[in-house]
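Everything below belongs to target_16.cif, which stores mmCIF, C-alpha atoms and all ligand atoms.
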data_query
#
loop_
_atom_site.label_atom_id
_atom_site.label_comp_id
_atom_site.auth_asym_id
_atom_site.auth_seq_id
_atom_site.Cartn_x
_atom_site.Cartn_y
_atom_site.Cartn_z
CA MET Q 1 -28.61 83.71 -0.29
CA ASN Q 2 -30.84 82.13 -2.85
CA VAL Q 3 -29.75 79.49 -5.33
CA ILE Q 4 -29.31 81.68 -8.39
CA TYR Q 5 -27.29 84.23 -6.48
CA SER Q 6 -24.92 81.58 -5.12
CA PHE Q 7 -24.62 80.01 -8.58
CA TRP Q 8 -23.48 83.30 -10.08
CA TYR Q 9 -21.17 83.89 -7.15
CA PHE Q 10 -19.64 80.50 -7.85
CA VAL Q 11 -19.18 81.24 -11.55
CA LEU Q 12 -17.63 84.63 -10.90
CA SER Q 13 -15.28 83.28 -8.30
CA PHE Q 14 -14.36 80.47 -10.69
CA ILE Q 15 -13.32 83.02 -13.29
CA PHE Q 16 -11.48 85.10 -10.71
CA LEU Q 17 -9.74 82.08 -9.22
CA SER Q 18 -8.66 80.66 -12.57
CA VAL Q 19 -7.23 83.96 -13.76
CA ILE Q 20 -5.37 84.57 -10.53
CA GLY Q 21 -4.34 80.93 -10.19
CA LEU Q 22 -2.84 80.85 -13.67
CA PHE Q 23 -1.03 84.08 -12.95
CA VAL Q 24 0.31 82.67 -9.69
CA SER Q 25 1.54 79.54 -11.43
CA TRP Q 26 3.40 81.81 -13.83
CA ILE Q 27 5.07 83.52 -10.84
CA ASP Q 28 6.05 80.07 -9.62
CA ARG Q 29 7.56 79.12 -12.97
CA LYS Q 30 9.33 82.44 -13.34
CA ILE Q 31 10.95 82.17 -9.90
CA THR Q 32 12.00 78.62 -10.70
CA ALA Q 33 13.57 79.87 -13.92
CA ARG Q 34 15.41 82.67 -12.19
CA ILE Q 35 16.77 80.27 -9.58
CA GLN Q 36 18.10 78.07 -12.38
CA TRP Q 37 19.66 81.15 -13.98
CA ARG Q 38 17.26 81.18 -16.91
CA VAL Q 39 15.02 83.80 -18.43
CA GLY Q 40 11.81 81.88 -17.96
CA PRO Q 41 8.44 81.97 -19.68
CA PRO Q 42 6.55 85.16 -20.56
CA TRP Q 43 3.66 86.27 -18.33
CA TYR Q 44 0.89 84.84 -20.50
CA GLN Q 45 2.47 81.37 -20.54
CA SER Q 46 -0.04 79.56 -18.31
CA PHE Q 47 -2.97 81.15 -20.14
CA ALA Q 48 -1.50 80.05 -23.47
CA ASP Q 49 -1.13 76.52 -22.10
CA ILE Q 50 -4.79 76.30 -21.09
CA ILE Q 51 -6.10 77.87 -24.31
CA LYS Q 52 -3.92 75.54 -26.35
CA LEU Q 53 -5.14 72.49 -24.43
CA SER Q 54 -8.74 73.53 -25.04
CA GLY Q 55 -8.06 73.44 -28.78
CA LYS Q 56 -6.56 69.97 -28.80
CA GLU Q 57 -8.18 66.67 -29.54
CA VAL Q 58 -9.53 64.75 -26.53
CA LEU Q 59 -8.62 61.10 -26.68
CA VAL Q 60 -10.48 58.64 -24.48
CA PRO Q 61 -8.48 55.41 -24.31
CA GLU Q 62 -9.99 52.12 -25.25
CA GLY Q 63 -10.87 50.02 -22.22
CA SER Q 64 -11.31 52.98 -19.91
CA ASN Q 65 -14.40 53.88 -17.96
CA ARG Q 66 -15.68 56.69 -20.11
CA PHE Q 67 -17.86 58.51 -17.60
CA THR Q 68 -15.35 58.52 -14.73
CA PHE Q 69 -12.55 59.43 -17.11
CA ILE Q 70 -14.35 62.56 -18.28
CA PHE Q 71 -16.00 63.41 -14.99
CA SER Q 72 -13.03 63.38 -12.60
CA PRO Q 73 -11.08 66.35 -14.08
CA ILE Q 74 -14.26 68.42 -13.85
CA LEU Q 75 -14.71 67.26 -10.26
CA SER Q 76 -11.23 68.41 -9.35
CA VAL Q 77 -11.83 71.88 -10.81
CA ILE Q 78 -15.16 72.20 -8.99
CA ALA Q 79 -13.70 71.11 -5.66
CA SER Q 80 -10.75 73.47 -5.82
CA THR Q 81 -13.05 76.31 -6.85
CA ILE Q 82 -15.30 75.66 -3.84
CA CYS Q 83 -12.23 75.73 -1.57
CA GLY Q 84 -11.17 79.03 -3.07
CA THR Q 85 -14.69 80.47 -2.81
CA MET Q 86 -14.85 79.61 0.88
CA LEU Q 87 -11.63 81.47 1.57
CA LEU Q 88 -12.71 84.45 -0.53
CA LEU Q 89 -16.00 84.59 1.39
CA VAL Q 90 -14.10 84.58 4.67
CA LEU Q 91 -11.85 87.39 3.51
CA ARG Q 92 -14.36 89.56 1.70
CA LYS Q 93 -17.62 89.18 3.50
CA ASN Q 94 -16.62 87.73 6.86
CA PHE Q 95 -18.91 84.87 6.00
CA GLY Q 96 -18.33 81.56 7.72
CA PHE Q 97 -20.01 78.96 9.85
CA GLY Q 98 -19.00 76.65 12.67
CA GLY Q 99 -17.16 73.65 11.30
CA ASP Q 100 -16.17 75.14 7.98
CA LEU Q 101 -12.55 74.37 8.81
CA ILE Q 102 -13.39 70.67 8.82
CA LEU Q 103 -15.36 71.00 5.61
CA PHE Q 104 -12.39 72.77 4.08
CA ILE Q 105 -10.02 69.93 5.01
CA TYR Q 106 -12.37 67.46 3.34
CA LEU Q 107 -12.77 69.56 0.20
CA LEU Q 108 -9.03 70.00 -0.10
CA THR Q 109 -8.55 66.25 -0.47
CA ILE Q 110 -11.02 65.99 -3.36
CA PRO Q 111 -8.58 67.21 -6.07
CA SER Q 112 -6.14 64.46 -5.08
CA LEU Q 113 -8.96 61.95 -4.94
CA SER Q 114 -10.15 62.96 -8.39
CA ILE Q 115 -6.64 62.42 -9.77
CA ILE Q 116 -6.80 58.93 -8.26
CA LEU Q 117 -10.25 58.38 -9.72
CA GLY Q 118 -9.26 59.59 -13.18
CA GLY Q 119 -6.01 57.66 -13.22
CA SER Q 120 -7.65 54.43 -12.17
CA SER Q 121 -10.40 54.79 -14.75
CA SER Q 122 -7.89 55.20 -17.58
CA GLY Q 123 -6.71 51.61 -17.28
CA ASN Q 124 -3.06 52.36 -17.89
CA VAL Q 125 -0.32 50.46 -16.06
CA LEU Q 126 1.84 53.48 -15.37
CA ALA Q 127 -1.23 55.38 -14.23
CA SER Q 128 -1.92 52.68 -11.67
CA VAL Q 129 1.62 53.06 -10.33
CA GLY Q 130 0.96 56.79 -10.16
CA ILE Q 131 -2.32 56.44 -8.29
CA SER Q 132 -0.88 54.02 -5.78
CA ARG Q 133 1.79 56.60 -5.03
CA GLU Q 134 -0.72 59.43 -4.88
CA LEU Q 135 -2.88 57.45 -2.47
CA LYS Q 136 0.03 56.72 -0.14
CA LEU Q 137 1.16 60.30 -0.36
CA LEU Q 138 -2.35 61.50 0.50
CA LEU Q 139 -2.40 59.26 3.56
CA SER Q 140 1.03 60.42 4.64
CA TYR Q 141 0.85 64.20 4.32
CA GLU Q 142 -2.66 64.46 5.66
CA LEU Q 143 -1.57 63.62 9.21
CA PRO Q 144 0.96 66.46 9.76
CA PHE Q 145 -1.25 68.78 7.71
CA ILE Q 146 -4.13 68.25 10.12
CA CYS Q 147 -1.79 68.58 13.12
CA ALA Q 148 -0.73 71.96 11.80
CA ILE Q 149 -4.38 72.97 11.31
CA ILE Q 150 -5.32 71.97 14.85
CA ILE Q 151 -2.72 74.30 16.37
CA PRO Q 152 -4.35 77.61 15.33
CA ALA Q 153 -7.75 76.12 16.09
CA ILE Q 154 -6.63 75.47 19.66
CA LYS Q 155 -5.07 78.90 19.96
CA ALA Q 156 -8.33 80.56 18.92
CA ASN Q 157 -10.13 78.97 21.89
CA PHE Q 158 -10.97 75.60 20.35
CA THR Q 159 -12.91 76.81 17.37
CA THR Q 160 -13.67 75.02 14.11
CA SER Q 161 -14.48 78.09 12.14
CA LEU Q 162 -12.05 79.78 9.78
CA ILE Q 163 -13.48 83.20 10.41
CA GLU Q 164 -12.96 82.92 14.16
CA ILE Q 165 -9.33 81.93 13.69
CA PHE Q 166 -8.85 84.93 11.43
CA GLN Q 167 -10.58 87.32 13.82
CA TYR Q 168 -8.73 85.95 16.80
CA GLN Q 169 -5.48 86.95 15.11
CA ASN Q 170 -6.83 90.41 14.38
CA LEU Q 171 -7.21 90.89 18.13
CA ASN Q 172 -4.18 89.03 19.45
CA GLY Q 173 -1.60 89.28 16.67
CA SER Q 174 -0.49 86.66 14.17
CA ASN Q 175 -0.21 83.06 15.27
CA ILE Q 176 3.32 82.86 13.90
CA PHE Q 177 4.65 85.05 16.69
CA SER Q 178 4.47 82.23 19.20
CA LEU Q 179 6.45 79.03 19.63
CA SER Q 180 3.67 76.66 18.61
CA GLY Q 181 2.84 79.03 15.75
CA ILE Q 182 6.34 78.77 14.30
CA ILE Q 183 6.28 74.98 14.59
CA GLY Q 184 2.88 74.76 12.93
CA PHE Q 185 3.87 77.16 10.17
CA ILE Q 186 6.93 75.15 9.22
CA ILE Q 187 4.96 71.90 9.26
CA ILE Q 188 2.11 73.21 7.15
CA LEU Q 189 4.59 74.71 4.69
CA ILE Q 190 6.26 71.34 4.16
CA ALA Q 191 3.01 69.38 4.14
CA SER Q 192 1.51 71.74 1.60
CA THR Q 193 4.24 70.87 -0.90
CA GLY Q 194 2.86 67.35 -0.68
CA LYS Q 195 -0.66 68.67 -1.06
CA LEU Q 196 0.28 70.65 -4.15
CA GLY Q 197 2.28 67.75 -5.57
CA VAL Q 198 5.37 69.85 -6.24
CA VAL Q 199 8.86 68.59 -6.42
CA PRO Q 200 10.00 66.87 -3.24
CA PHE Q 201 6.71 65.01 -3.30
CA ASP Q 202 5.76 64.96 -6.97
CA LEU Q 203 6.33 61.24 -7.22
CA ALA Q 204 2.75 60.67 -8.34
CA GLU Q 205 3.46 62.55 -11.56
CA ALA Q 206 7.18 61.84 -11.87
CA GLU Q 207 7.62 62.60 -15.54
CA THR Q 208 11.01 60.96 -15.82
CA GLU Q 209 10.05 57.65 -14.23
CA ILE Q 210 6.40 56.97 -14.87
CA ALA Q 211 5.72 59.41 -17.68
CA GLY Q 212 3.16 61.69 -16.10
CA GLY Q 213 1.78 59.07 -13.74
CA ALA Q 214 -1.93 59.22 -13.08
CA LEU Q 215 -2.45 61.81 -15.82
CA ILE Q 216 -0.65 59.81 -18.50
CA GLU Q 217 -3.74 59.12 -20.63
CA TYR Q 218 -5.25 62.58 -20.38
CA SER Q 219 -5.15 64.92 -23.33
CA GLY Q 220 -6.76 68.10 -24.52
CA ILE Q 221 -9.12 70.04 -22.31
CA LEU Q 222 -9.39 67.26 -19.72
CA LEU Q 223 -5.69 67.63 -19.02
CA GLY Q 224 -6.30 71.37 -19.03
CA PHE Q 225 -8.87 70.95 -16.24
CA TYR Q 226 -6.31 69.16 -14.10
CA LYS Q 227 -3.75 71.87 -14.78
CA LEU Q 228 -6.33 74.50 -13.93
CA ALA Q 229 -7.26 72.77 -10.67
CA LYS Q 230 -3.60 72.59 -9.78
CA SER Q 231 -3.13 76.29 -10.47
CA ILE Q 232 -6.17 77.16 -8.38
CA LEU Q 233 -4.81 75.05 -5.54
CA LEU Q 234 -1.50 76.85 -5.85
CA PHE Q 235 -3.46 79.98 -5.06
CA VAL Q 236 -5.74 78.47 -2.42
CA VAL Q 237 -3.28 76.55 -0.24
CA PRO Q 238 -0.87 79.46 0.45
CA LEU Q 239 -3.91 81.66 1.08
CA PHE Q 240 -5.14 79.12 3.61
CA ILE Q 241 -1.73 79.17 5.33
CA VAL Q 242 -1.86 82.96 5.46
CA ILE Q 243 -5.29 82.86 7.06
CA LEU Q 244 -4.25 80.27 9.62
CA TYR Q 245 -0.87 81.66 10.61
CA LEU Q 246 -0.21 85.10 9.22
CA GLY Q 247 -3.45 86.90 9.95
CA GLY Q 248 -3.37 89.88 12.21
CA THR Q 249 -4.21 92.71 9.87
CA PRO Q 250 -7.91 93.03 9.02
CA ILE Q 251 -8.37 93.86 5.36
CA ILE Q 252 -9.78 97.35 5.30
CA GLY Q 253 -8.57 99.71 2.68
CA PHE Q 254 -5.85 99.52 0.11
CA GLY Q 255 -2.78 99.49 2.35
CA SER Q 256 -3.79 96.46 4.36
CA LEU Q 257 -4.71 94.66 1.14
CA LEU Q 258 -1.18 95.26 -0.11
CA ILE Q 259 0.26 93.87 3.12
CA PHE Q 260 -1.97 90.84 2.76
CA ILE Q 261 -0.78 90.24 -0.81
CA LEU Q 262 2.81 90.61 0.39
CA LYS Q 263 2.25 87.94 3.04
CA TYR Q 264 0.72 85.68 0.43
CA LEU Q 265 3.70 86.17 -1.88
CA VAL Q 266 6.13 85.35 0.93
CA VAL Q 267 4.39 82.02 1.53
CA LEU Q 268 4.28 81.29 -2.20
CA ILE Q 269 7.97 82.06 -2.62
CA LEU Q 270 8.85 79.86 0.37
CA ILE Q 271 6.98 76.95 -1.22
CA THR Q 272 8.72 77.61 -4.53
CA LEU Q 273 12.09 77.67 -2.81
CA ILE Q 274 11.39 74.34 -1.11
CA ARG Q 275 10.42 72.93 -4.48
CA ASN Q 276 13.56 74.18 -6.16
CA THR Q 277 16.11 73.10 -3.61
CA ASN Q 278 15.06 69.52 -3.03
CA PRO Q 279 15.24 66.34 -5.06
CA ARG Q 280 12.28 64.02 -5.45
CA LEU Q 281 11.81 61.56 -2.58
CA ARG Q 282 10.83 57.96 -2.93
CA ILE Q 283 7.46 56.95 -1.54
CA ASP Q 284 8.88 55.09 1.46
CA GLN Q 285 11.12 58.04 2.28
CA SER Q 286 8.27 60.52 2.15
CA LEU Q 287 6.01 58.25 4.20
CA ARG Q 288 8.69 57.92 6.86
CA PHE Q 289 9.33 61.64 6.77
CA PHE Q 290 5.67 62.64 7.14
CA TRP Q 291 4.60 60.04 9.67
CA GLY Q 292 7.88 60.14 11.59
CA TRP Q 293 9.47 63.46 12.37
CA LEU Q 294 6.89 65.80 11.01
CA THR Q 295 3.97 64.23 12.87
CA LEU Q 296 5.98 63.97 16.07
CA ILE Q 297 6.88 67.64 15.89
CA GLY Q 298 3.26 68.40 15.04
CA ILE Q 299 1.99 66.60 18.15
CA LEU Q 300 4.61 68.45 20.17
CA GLY Q 301 3.30 71.68 18.70
CA ILE Q 302 -0.25 70.77 19.68
CA LEU Q 303 0.87 70.06 23.26
CA ILE Q 304 2.72 73.38 23.39
CA SER Q 305 -0.30 75.23 22.06
CA LEU Q 306 -2.50 73.49 24.67
CA SER Q 307 -0.25 74.93 27.34
CA GLY Q 308 -0.92 78.32 25.83
CA VAL Q 309 2.46 79.40 24.46
CA MET O 310 -5.21 84.00 -37.06
CA ASN O 311 -7.30 82.36 -34.44
CA LEU O 312 -6.59 82.33 -30.74
CA LYS O 313 -6.07 78.61 -30.35
CA LEU O 314 -3.40 78.46 -33.05
CA LYS O 315 -1.70 81.44 -31.49
CA ALA O 316 -1.75 79.71 -28.11
CA LEU O 317 -0.41 76.52 -29.68
CA LYS O 318 2.52 78.43 -31.10
CA LYS O 319 3.29 79.89 -27.71
CA SER O 320 3.07 76.66 -25.79
CA LEU O 321 4.71 73.70 -27.48
CA TRP O 322 5.06 70.62 -25.31
CA VAL O 323 7.60 68.26 -26.76
CA TYR O 324 7.89 64.53 -26.55
CA HIS O 325 11.10 62.86 -27.52
CA VAL O 326 10.86 59.81 -29.80
CA SER O 327 14.11 58.01 -30.30
CA ALA O 328 13.70 55.70 -33.28
CA GLY O 329 17.07 53.99 -33.53
CA SER O 330 19.47 56.88 -33.42
CA CYS O 331 23.13 56.60 -32.52
CA ASN O 332 22.26 58.51 -29.33
CA ASN O 333 24.12 61.62 -30.30
CA CYS O 334 21.06 63.49 -31.50
CA ASP O 335 19.31 62.52 -28.25
CA ILE O 336 22.12 64.07 -26.27
CA GLU O 337 21.78 67.26 -28.28
CA ILE O 338 18.05 67.33 -27.50
CA LEU O 339 18.81 66.97 -23.81
CA ASP O 340 21.28 69.83 -24.15
CA LEU O 341 18.54 71.84 -25.74
CA LEU O 342 16.37 71.44 -22.65
CA THR O 343 19.05 72.52 -20.17
CA PRO O 344 19.04 75.97 -18.53
CA ARG O 345 21.75 77.21 -20.88
CA PHE O 346 19.43 77.28 -23.89
CA ASP O 347 16.26 77.77 -21.86
CA VAL O 348 13.59 76.84 -24.36
CA GLU O 349 10.92 77.61 -21.74
CA ARG O 350 11.32 81.18 -23.01
CA PHE O 351 9.23 80.02 -25.98
CA GLY O 352 6.92 77.96 -23.80
CA ILE O 353 8.59 74.71 -24.80
CA VAL O 354 8.62 72.06 -22.06
CA LEU O 355 9.41 68.38 -22.10
CA VAL O 356 6.47 66.12 -21.23
CA GLY O 357 6.52 62.48 -20.35
CA SER O 358 3.58 61.14 -22.31
CA PRO O 359 2.68 61.46 -26.02
CA ARG O 360 -0.89 62.26 -24.93
CA HIS O 361 0.31 65.57 -23.55
CA ALA O 362 2.53 66.42 -26.48
CA ASP O 363 2.20 68.92 -29.31
CA VAL O 364 5.57 68.24 -30.90
CA LEU O 365 7.27 64.93 -31.54
CA LEU O 366 11.01 65.30 -31.74
CA CYS O 367 12.08 62.23 -33.70
CA THR O 368 15.68 61.17 -34.06
CA GLY O 369 17.39 58.35 -35.90
CA ILE O 370 16.75 56.16 -38.90
CA VAL O 371 13.52 54.40 -38.16
CA ASN O 372 14.72 50.84 -37.87
CA LYS O 373 12.54 47.83 -38.57
CA LYS O 374 11.62 47.25 -34.95
CA CYS O 375 10.70 50.87 -34.46
CA VAL O 376 8.24 51.28 -37.34
CA GLU O 377 5.21 50.06 -35.41
CA ARG O 378 6.18 52.01 -32.30
CA VAL O 379 6.67 55.27 -34.14
CA LYS O 380 3.31 54.87 -35.86
CA GLU O 381 1.65 54.11 -32.53
CA VAL O 382 3.18 57.12 -30.80
CA TYR O 383 2.04 59.30 -33.68
CA GLU O 384 -1.50 57.97 -33.40
CA GLN O 385 -1.53 58.51 -29.63
CA THR O 386 -0.61 62.15 -29.98
CA PRO O 387 -3.68 64.40 -29.97
CA LYS O 388 -3.95 66.47 -33.14
CA PRO O 389 -2.96 69.14 -34.15
CA CYS O 390 0.62 68.06 -33.64
CA VAL O 391 3.96 68.82 -35.24
CA VAL O 392 6.55 66.21 -36.19
CA VAL O 393 10.15 67.35 -36.24
CA ALA O 394 12.82 65.16 -37.83
CA ILE O 395 16.09 65.85 -36.07
CA GLY O 396 19.43 64.85 -37.55
CA ALA O 397 20.59 63.61 -40.91
CA CYS O 398 19.34 60.13 -40.04
CA ALA O 399 15.73 61.14 -39.53
CA CYS O 400 15.78 63.46 -42.53
CA SER O 401 17.33 61.15 -45.10
CA GLY O 402 19.08 58.20 -43.55
CA GLY O 403 22.44 59.82 -43.05
CA ILE O 404 25.39 57.52 -42.68
CA PHE O 405 23.11 54.58 -42.01
CA ARG O 406 21.13 54.87 -45.25
CA ASP O 407 22.47 51.52 -46.54
CA GLY O 408 22.16 49.76 -43.20
CA TYR O 409 20.36 46.41 -43.08
CA GLN O 410 17.97 47.75 -40.42
CA MET O 411 16.96 50.85 -42.34
CA ALA O 412 13.18 51.16 -42.69
CA GLY O 413 12.94 54.96 -42.81
CA PRO O 414 13.63 57.76 -43.30
CA LEU O 415 10.98 59.17 -41.01
CA ASN O 416 8.80 60.74 -43.71
CA LYS O 417 8.11 57.29 -45.15
CA ILE O 418 6.40 56.32 -41.90
CA ILE O 419 4.63 59.46 -40.63
CA PRO O 420 4.12 62.95 -42.08
CA VAL O 421 6.99 65.26 -41.13
CA ASP O 422 6.61 69.03 -40.77
CA VAL O 423 10.11 70.24 -39.99
CA TYR O 424 13.49 68.85 -41.04
CA ILE O 425 16.57 69.84 -39.06
CA PRO O 426 19.69 68.41 -40.73
CA GLY O 427 23.07 67.95 -39.09
CA CYS O 428 24.98 65.05 -37.63
CA PRO O 429 24.11 65.89 -34.91
CA PRO O 430 22.47 69.35 -35.24
CA LYS O 431 23.54 71.83 -32.59
CA PRO O 432 20.92 72.97 -30.08
CA GLU O 433 21.09 76.41 -31.66
CA ALA O 434 20.22 74.85 -35.01
CA ILE O 435 17.24 73.06 -33.48
CA ILE O 436 15.97 76.29 -31.90
CA ALA O 437 16.49 78.16 -35.18
CA GLY O 438 14.57 75.48 -37.08
CA ILE O 439 11.62 75.52 -34.69
CA VAL O 440 11.47 79.32 -34.59
CA LYS O 441 11.52 79.50 -38.40
CA PHE O 442 8.69 76.99 -38.51
CA LEU O 443 6.67 79.01 -35.98
CA LYS O 444 7.07 82.08 -38.17
CA GLU O 445 5.86 80.15 -41.22
CA ILE O 446 2.55 78.77 -39.92
CA LYS O 447 -0.37 81.10 -40.15
S1 LIG B 1 22.16 62.16 -37.46
FE1 LIG B 1 24.21 61.64 -36.86
S2 LIG B 1 24.23 62.04 -34.65
FE2 LIG B 1 22.11 61.95 -35.28
S3 LIG B 1 21.48 59.85 -34.93
FE3 LIG B 1 22.17 59.99 -37.06
S4 LIG B 1 24.33 59.40 -37.02
FE4 LIG B 1 23.72 59.88 -34.90
#
When written as structure tokens, how does the structure in this file appear?
Amino acid sequence: MNVIYSFWYFVLSFIFLSVIGLFVSWIDRKITARIQWRVGPPWYQSFADIIKLSGKEVLVPEGSNRFTFIFSPILSVIASTICGTMLLLVLRKNFGFGGDLILFIYLLTIPSLSIILGGSSSGNVLASVGISRELKLLLSYELPFICAIIIPAIKANFTTSLIEIFQYQNLNGSNIFSLSGIIGFIIILIASTGKLGVVPFDLAEAETEIAGGALIEYSGILLGFYKLAKSILLFVVPLFIVILYLGGTPIIGFGSLLIFILKYLVVLILITLIRNTNPRLRIDQSLRFFWGWLTLIGILGILISLSGV
Amino acid sequence: MNLKLKALKKSLWVYHVSAGSCNNCDIEILDLLTPRFDVERFGIVLVGSPRHADVLLCTGIVNKKCVERVKEVYEQTPKPCVVVAIGACACSGGIFRDGYQMAGPLNKIIPVDVYIPGCPPKPEAIIAGIVKFLKEIK
């Protein structure tokens, strides 16, 4: 692949990912509305939000670091797009390389890091409360998240390549049909709500306490970039879970594509249900939860998967 | 009509400014945002920071302490934005018009786009006012 070709691939997948991510975030909002016995927003709602934000004034607060303030939302969009592109390459072209799982874990932390970067550059007091929470949350959910990623890697004969994990499941059936698979699936489902920053662990943005948290000073298209990155992640993270745990049908032809989309929707709806049935946790509670029970169960899962069940 | 204005009309993010109200209008606004009235149908959501807002829902006579704050919140809101005066107090002073703290009504301090009278206005009245306003702007 030469440079120009990969550039255009990146741009195309950015467009694809943003359209599908915004659509997915509409599904999320609609399900939330139906659970609360409401009608909910129309299908174009997330698109209208982004277009509106692009037409608004961008205010850069006095006393902020101008470059970091403008650069970090763009960084978060780029990072989440690269994550999405990697998964799309795995699914569409069977393209992958040894160690891309590790690269993926690193790239997936960049959107959170860019929120921290942007919030700290804005110089707002409430934003600094928000970033301190985001930082602690990042430290806490990362541990069980990685535990749950190690389990399928062990099951696929100690590989660090996404494509091998996916192909292993095509031969041997989905990872979720084993004891360690179920444990890992539950853990990654809960940890991904922290990764996405949705309700039980949305304390970094807590609108009712710290007024938007790290994003408090953002307006206009810069805020739109963060929203876009979040929508893309809402597409990417469930897709990642599907690849790790619910593989097992190679995508050839229309029927298997439909099954794949169905699996994806199940994971998305599970995450939405978790988000709608739980109150927001305090930071000490979530730290104890992630580093306590969840990590212990995760290590147990790793041990079980080492024994081959 | 251009696309951005259309999108703005479909996605209003509201920020609630309470400038010395008797708290009754604020309760009606909270009612408005509950599932029963479901303003997310129109794309209206409550946001926590004026930087994210498109609509300022202002209640109450603006009392002397609040003047500076209301001005500041208005300046912090990215334009284009809509200011809605909710309740008789914000529109004209209401029962507090002769009060010693009265520095408003709101349109003396910042430009107001929509007036929704009532003491307090019902959530239905607020929705009706906003929807009428959305039909007016071209
Ligand atoms: S309009 Fe009536 S209900 Fe609203 S703040 Fe004024 S006195 Fe209270």
Handout entry: Counting only C-alpha atoms and all ligand atoms, the option among O:Asp422, O:Glu377, O:Glu349, O:Asp335 closest to ligand LIG 1 (chain B)
Key =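 Smallest separation from ligand LIG 1 (chain B) among the options: O:Asp335.
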Exercise for the section: Please return, as a PyMOL selection string, all residues of chain Q lying within 8 Å of chain O when only C-alpha atoms are considered. Expected result: chain Q and resi 36-42+45+48-49+51-52+54-59+207-208+210-212+216-220+223
Completion exercise
Across O:Gly329, O:Pro432, O:Gly396, O:Gly413, the smallest distance to ligand LIG 1 (chain B), with only C-alpha atoms and all ligand atoms counted, is shown by O:Gly396
Practice task
For ligand LIG 1 (chain B), collect every residue having any atom at a distance of at most 9 Å from a ligand atom (counting all atoms listed in the file); output as number ranges by chain.
Solution key: O: 327-337, 368-370, 395-400, 402-405, 426-430
Practice task
May I ask for the distance between atom CA of Q:Ile31 and atom CA of Q:Tyr264, given in Å to one decimal place?
Solution key: 15.0 Å
Handout entry: Separation of atom CA of Q:Leu53 from atom CA of Q:Ser72 in Å
Key =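 These atoms are spaced 16.9 Å apart.
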Exercise for the section: Compile the contact shell of Q:Val129 as a PyMOL selection string: residues with an atom at most 9 Å away, counting all atoms listed in the file, same-chain residues fewer than 3 positions apart removed. Expected result: chain Q and resi 124-126+132-134+204+210+213-214
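With atom CA of Q:Ile116 on one side and atom CA of O:His325 on the other, the separation reads 26.6 Å.
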Could you pull the residues within 6 Å of stretch 242-257 of chain Q, counting only C-alpha atoms, minus those fewer than 2 positions along the same chain, as a CSV table (one decimal) with C-alpha atoms, in the coordinates of the input?
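Result file is out-v2.csv:
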chain,number,residue,atom,x,y,z
Q,166,PHE,CA,-8.8,84.9,11.4
Q,169,GLN,CA,-5.5,87.0,15.1
Q,170,ASN,CA,-6.8,90.4,14.4
Q,173,GLY,CA,-1.6,89.3,16.7
Q,174,SER,CA,-0.5,86.7,14.2
Q,175,ASN,CA,-0.2,83.1,15.3
Q,176,ILE,CA,3.3,82.9,13.9
Q,239,LEU,CA,-3.9,81.7,1.1
Q,240,PHE,CA,-5.1,79.1,3.6
Q,259,ILE,CA,0.3,93.9,3.1
Q,260,PHE,CA,-2.0,90.8,2.8
Handout entry: 9 Å contact set for stretch 92-99 of chain Q, all atoms listed in the file, chain neighbours under 3 positions out, as a list in words
Key =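 The neighbour list is Met86, Leu87, Leu88, Leu89, Ile102, Leu103, Phe104, Thr159, Thr160, Ser161, Leu162, Ile163, Glu164 and Ile251 of chain Q.
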Handout entry: For Q:Ile182, the nearest of the candidates Q:Leu273, Q:Val19, Q:Val236, Q:Ile297, counting only C-alpha atoms
Key =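 Checking each candidate against Q:Ile182, we get Q:Ile297 as the closest.
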Practice task
Would you list the contacts of Q:Leu138 as a ChimeraX atom specification, taking every protein, DNA or RNA residue within 8 Å and counting all atoms listed in the file, but skipping same-chain residues closer than 6 positions in sequence?
Solution key: /Q:109,112,194-195
Practice task
Pick out the closest residue to O:Val354 from this set: O:Tyr424, O:Val323, O:Ile338, O:Cys375. Count all atoms listed in the file.
Solution key: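 Among O:Tyr424, O:Val323, O:Ile338, O:Cys375, it is O:Val323 that comes nearest to O:Val354.
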Handout entry: Ref. answer, residues at most 10 Å from (-9.7, 67.0, 8.5) with all atoms listed in the file, as a list in words
Key = Leu101, Ile102, Leu103, Phe104, Ile105, Tyr106, Leu107, Leu108, Thr109, Glu142, Leu143, Phe145, Ile146, Cys147, Ile149 and Ile150 of chain Q
Practice task
Give as a list in words every residue, naming chains and numbers as the document does, that has an atom within 8 Å of (-8.5, 74.5, -2.6), counting only C-alpha atoms.
Solution key: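 Looking at atoms near the point gives Ala79, Ser80, Thr81, Ile82, Cys83, Gly84, Phe104, Leu107, Leu108, Ile232, Leu233, Phe235, Val236 and Val237 of chain Q.
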